[in-house]
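The structure appears right after this line, and notes come after that.
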Amino acid sequence: MTSLSAGWVIPADGPPIRNGRVTWADGLIVDVSEGPGDRHFDNAVILPGLINAHSHLEYATYAGFGDGEPFGTWIGTHVVRKRALDFADMVAIATRGAADSLTAGITTTADYSFSGAAAVAAATLGLRAIVYLEVFGSDPAVAAAQFTEKRAAAGSSPLVTLGVSPHAPYTCSLAVYEWCLSLGIPVGTHLAESANENEWLVAGTGPMAPNAAILAPPTGKRAVQTLEPVLGPDLLCAHCVEVTADDIALLAARHVPVVHCPRSNALLGCGVAPLAEFLAADMRVGLGTDSPASTPSFDIWEELRAAIYAARGRARRPDALSAAAALDLVTGGAARALGLSGSIGTLTPGAKADVTVLSLAGSPYDPVEDPVVAAVFGGAPERILETIVDGTTRYRQGETSWHEVHSTASAARARMLA
Ligand SMILES: [Zn+2]
């Protein structure tokens with residue numbers, strides 16, 4: 001039995017507990033209540049381990065590639081540079097991504113993986129992960145061969161669940177989506193990320209057109225309508241920026257879980273997804289950092305605040321997204337989006353002992369008045385004291401050193417720049 005206590009515990013499935021304590025045994029939470037633990041953290045908040053609902057650990061050192069380019073040519077730059085890497089390089093970069101995630105207080109990441117390296121990295125550092133192996137193209141037999149090869153590379157670990165990711169409607173046929181959904185494992189895709197995607201799908205024009213050789217043929221329909229035959233509760237859809245009211249109604253009617261990635265969408269000039277409309281339609285929504293290919297970091301705290309800035313700015317209302325509603329996007333709400341409610345995302349007896357300890361000492365929110373507001377606006381990777389996955393400490397500030405992880409990943413990045 002192990003227990004931690006702090007000035008506040010935010011269980012995320014009930015009100016915050018002052019002078020709260022979380023107790024676990026054999027990797028599962030057994031008690032959340034008031035009282036002192038084996039170890040106590042002053043001026044700190046204990047939260048459920050945070051969930052990043054959309055990442056690419058394998059792009060942890062792709063920072064700045066193609067910055068300022070249109071989506072179509074940006075993605076072309078990445079395809080070309082990725083060719084400089086072998087599998088060991090991809091593992092090295094993904095391990096850096098897993099380290100950055102744990103440092104930020106993330107305990108579960110839903111990762112779309114090009115090579116399977118993300119699964120190896122998550123297992124090595126003890127990060128819980130659903131790794132969706134990416135497949136591309138129009139032929140299900142080809143996709144099946146890609147999946148088999150990547151699954152062999154990914155290996156297996158108790159903390160890693162393997163899924164499959166038909167990449168996007170502009171790179172995969174409906175037949176490939178149907179094959180993926182027939183596997184009975186988690187399935188995730190990118191959907192309606194950019195106007196360029198709709199331009200290609202509707203008319204075969206726009207900045208994606210020069211990459212026609214690696215794209216699915218135009219369908220004459222926008223992205224969401226293109227996927228209409230396969231939309232359902234088991235298809236996790238990242239982005240959903242370029243959506244009409246009809247698209248939102250369809251996504252809601254089919255109970256499609258969506259991942260909001262506001263920093264990535266803003267930095268690539270894709271737009272601002274209608275988060276308030278998704279939530280008003282009772283859709284399941286998680287928040288994702290995407291990766292340093294499009295955002296500066298796996299800093300889920302920055303992502304939380306970006307979601308609030310975007311939602312309040314877009315709606316011109318300060319109550320468009322409360323701190324509590326934002327926190328739900330990386331805790332209980334994200335777990336619902338991933339179909340893992342009750343297992344992760346809340347400090348609930350019986351749930352996995354995934355726990356994050358955030359210091360607010362010396363912050364503008366110290367002493368803490370509202371712990372949720374303080375955590376959401378004051379949280380940062382530099383303030384994470386400890387990250388615990390499955391009852392085991394995987395990051396402790398001042399003790400865990402990832403010097404070698406960083407230098408190996410930087411060497412791989414250097415090969416891409418050569
Ligand atoms: Zn992505």
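Identifiers in the structure tokens: chain A, B, ... in order shown; residue index from 1 per chain; ligand index from 1 in order shown.
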Open item on the list: Could you list the protein, DNA and RNA residues that have any atom within 7 Å of ligand 1, counting only C-alpha atoms and all ligand atoms, and write them as a ChimeraX atom specification?
Closed with: /A:54-56,112,190,238,290
TODO: Write out as a ChimeraX atom specification each polymer residue whose atoms come within 12 Å of Thr400 (chain A), counting only C-alpha atoms; drop sequence neighbours fewer than 2 positions from it.
DONE: /A:99-100,102-103,125,384-387,393-398,402-405
Output file for the selection above: N, CA, C and O atoms, as a compact mmCIF listing (two decimals), in the first residue's frame:
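Result file selection_13.txt:
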```txt
# COMPACT_ATOMS: atom_id res chain seq x y z
N ALA A 99 9.67 10.62 -22.79
CA ALA A 99 10.28 11.33 -21.64
C ALA A 99 9.62 12.70 -21.46
O ALA A 99 9.27 13.09 -20.34
N ASP A 100 9.45 13.42 -22.56
CA ASP A 100 8.79 14.74 -22.48
C ASP A 100 7.37 14.61 -21.94
O ASP A 100 6.89 15.46 -21.19
N LEU A 102 6.09 12.20 -19.89
CA LEU A 102 6.12 11.92 -18.45
C LEU A 102 6.52 13.17 -17.66
O LEU A 102 5.97 13.45 -16.60
N THR A 103 7.46 13.95 -18.20
CA THR A 103 7.89 15.18 -17.54
C THR A 103 6.74 16.18 -17.42
O THR A 103 6.67 16.96 -16.47
N LEU A 125 10.03 3.43 -21.23
CA LEU A 125 9.99 4.43 -20.15
C LEU A 125 8.80 4.28 -19.21
O LEU A 125 8.67 5.02 -18.24
N ILE A 384 5.96 19.87 -12.43
CA ILE A 384 5.59 18.48 -12.12
C ILE A 384 6.64 17.90 -11.17
O ILE A 384 7.84 17.87 -11.48
N LEU A 385 6.18 17.46 -10.00
CA LEU A 385 7.09 16.89 -9.01
C LEU A 385 7.25 15.39 -9.22
O LEU A 385 8.32 14.84 -9.00
N GLU A 386 6.16 14.75 -9.64
CA GLU A 386 6.22 13.29 -9.78
C GLU A 386 5.12 12.81 -10.73
O GLU A 386 4.01 13.34 -10.71
N THR A 387 5.46 11.83 -11.55
CA THR A 387 4.49 11.20 -12.45
C THR A 387 4.52 9.71 -12.20
O THR A 387 5.57 9.08 -12.31
N THR A 393 6.55 5.09 -9.87
CA THR A 393 7.06 6.41 -10.22
C THR A 393 7.92 6.30 -11.48
O THR A 393 8.89 5.55 -11.51
N ARG A 394 7.53 7.06 -12.50
CA ARG A 394 8.26 7.04 -13.77
C ARG A 394 9.02 8.33 -14.01
O ARG A 394 9.86 8.41 -14.90
N TYR A 395 8.69 9.37 -13.24
CA TYR A 395 9.43 10.63 -13.32
C TYR A 395 9.37 11.29 -11.95
O TYR A 395 8.31 11.36 -11.34
N ARG A 396 10.54 11.73 -11.47
CA ARG A 396 10.58 12.50 -10.22
C ARG A 396 11.52 13.67 -10.43
O ARG A 396 12.68 13.49 -10.81
N GLN A 397 10.99 14.87 -10.21
CA GLN A 397 11.79 16.07 -10.46
C GLN A 397 13.07 16.05 -9.64
O GLN A 397 13.05 15.74 -8.45
N GLY A 398 14.18 16.37 -10.29
CA GLY A 398 15.46 16.44 -9.60
C GLY A 398 16.18 15.10 -9.50
O GLY A 398 17.35 15.05 -9.17
N TRP A 402 17.26 12.32 -18.08
CA TRP A 402 17.11 11.77 -19.42
C TRP A 402 18.15 12.38 -20.37
O TRP A 402 17.88 12.59 -21.54
N HIS A 403 19.34 12.64 -19.82
CA HIS A 403 20.40 13.26 -20.62
C HIS A 403 20.71 12.44 -21.87
O HIS A 403 20.79 12.96 -22.98
N GLU A 404 20.86 11.12 -21.67
CA GLU A 404 21.23 10.27 -22.81
C GLU A 404 20.07 10.15 -23.81
O GLU A 404 20.29 10.11 -25.03
N VAL A 405 18.86 10.10 -23.28
CA VAL A 405 17.67 10.06 -24.15
C VAL A 405 17.67 11.30 -25.06
O VAL A 405 17.46 11.20 -26.28
```
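Closest approach to Ile46 (chain A) from the set A:Leu358, A:Val389, A:Val272, A:Val285 is made by A:Leu358, with distances taken over only C-alpha atoms.
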- [ ] Just list the residues in region 97-289 of chain A DSSP gives strand (DSSP E) on the backbone, as a PyMOL selection string.
- [x] chain A and resi 106-113+128-135+160-166+187-191+235-239+258-260+285-287
TODO: May I have the residues within 12 Å of Val32 (chain A) as a PyMOL selection string, using only C-alpha atoms and disregarding those fewer than 3 positions away in the same chain?
DONE: chain A and resi 2-6+8-24+28-29+35-37+46-48+346-351+353+355
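With only C-alpha atoms as the atoms that count, the residue of A:Glu58, A:Ser182, A:Gly288, A:Glu193 with the shortest distance to Leu133 (chain A) is A:Glu58.
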TODO: Go ahead and compute the interatomic distance for CA of Leu215 (chain A) and CA of Ile93 (chain A), in Å to one decimal.
DONE: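 Between these atoms lies a distance of 26.4 Å.
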- [ ] Point out the residue among A:Arg305, A:Arg151, A:Arg83, A:Arg254 with the least atom-to-atom distance to Ala323 (chain A), counting only C-alpha atoms.
- [x] A:Arg305
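For the atom pair formed by CA of Thr161 (chain A) and CA of Ile130 (chain A), the distance is 4.7 Å, given to one decimal.
Rounded to one decimal, CA of Ala216 (chain A) and CA of Pro296 (chain A) lie 29.5 Å from each other.
Within 10 Å of Ala104 (chain A), once only C-alpha atoms are used and residues closer than 6 positions along the same chain are dropped, the contacting residues are Gly49, Leu50, Ala98, Ser297, Phe298, Asp299, Ile300, Trp301, Thr356, Leu358, Gly379, Ala380, Pro381, Glu382, Arg383, Ile384, Leu385, Glu386, Thr387 and Tyr395 of chain A.
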Open item on the list: Calculated over only C-alpha atoms, which of the candidates A:Pro318, A:Gly286, A:Gly7, A:Pro229 has the smallest distance to Asn43 (chain A)?
Closed with: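 With only C-alpha atoms as the atom set, the closest residue is A:Gly7.
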Task: Residues of region 87-324 of chain A in alpha helix (DSSP H), written as JSON, numbers by chain - done: {"A": [87, 88, 89, 90, 91, 92, 93, 94, 95, 96, 97, 98, 99, 100, 101, 102, 103, 117, 118, 119, 120, 121, 122, 123, 124, 125, 140, 141, 142, 143, 144, 145, 146, 147, 148, 149, 150, 151, 152, 153, 154, 174, 175, 176, 177, 178, 179, 180, 181, 195, 196, 197, 198, 199, 200, 201, 202, 203, 223, 224, 225, 226, 245, 246, 247, 248, 249, 250, 251, 252, 253, 262, 263, 264, 265, 266, 267, 275, 276, 277, 278, 279, 280, 300, 301, 302, 303, 304, 305, 306, 307, 308, 309, 310, 311, 312, 313, 314, 315, 323, 324]}
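Among A:Gly76, A:Pro166, A:Pro70, A:Gly116, the residue with the shortest atom-to-atom distance to Asp139 (chain A), counting only C-alpha atoms, is A:Pro166.
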Open item on the list: Which residue is closest to Ala335 (chain A)? Choose from A:Val376, A:Ile308, A:Thr107, A:Asp42 and count only C-alpha atoms.
Closed with: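 Closest to Ala335 (chain A), using only C-alpha atoms: A:Thr107.
Residues lying within 9 Å of Leu267 (chain A), counting only C-alpha atoms and ignoring same-chain neighbours fewer than 5 positions away, are Asp67, Gly68, Pro262, Ser294 and Thr295 of chain A.
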- [ ] Please provide as a ChimeraX atom specification all residues within 9 Å of Tyr170 (chain A), with the sequence filter that same-chain residues fewer than 2 positions apart are discarded (counting only C-alpha atoms).
- [x] /A:167-168,172-173,197-198,200-201,215-218,223
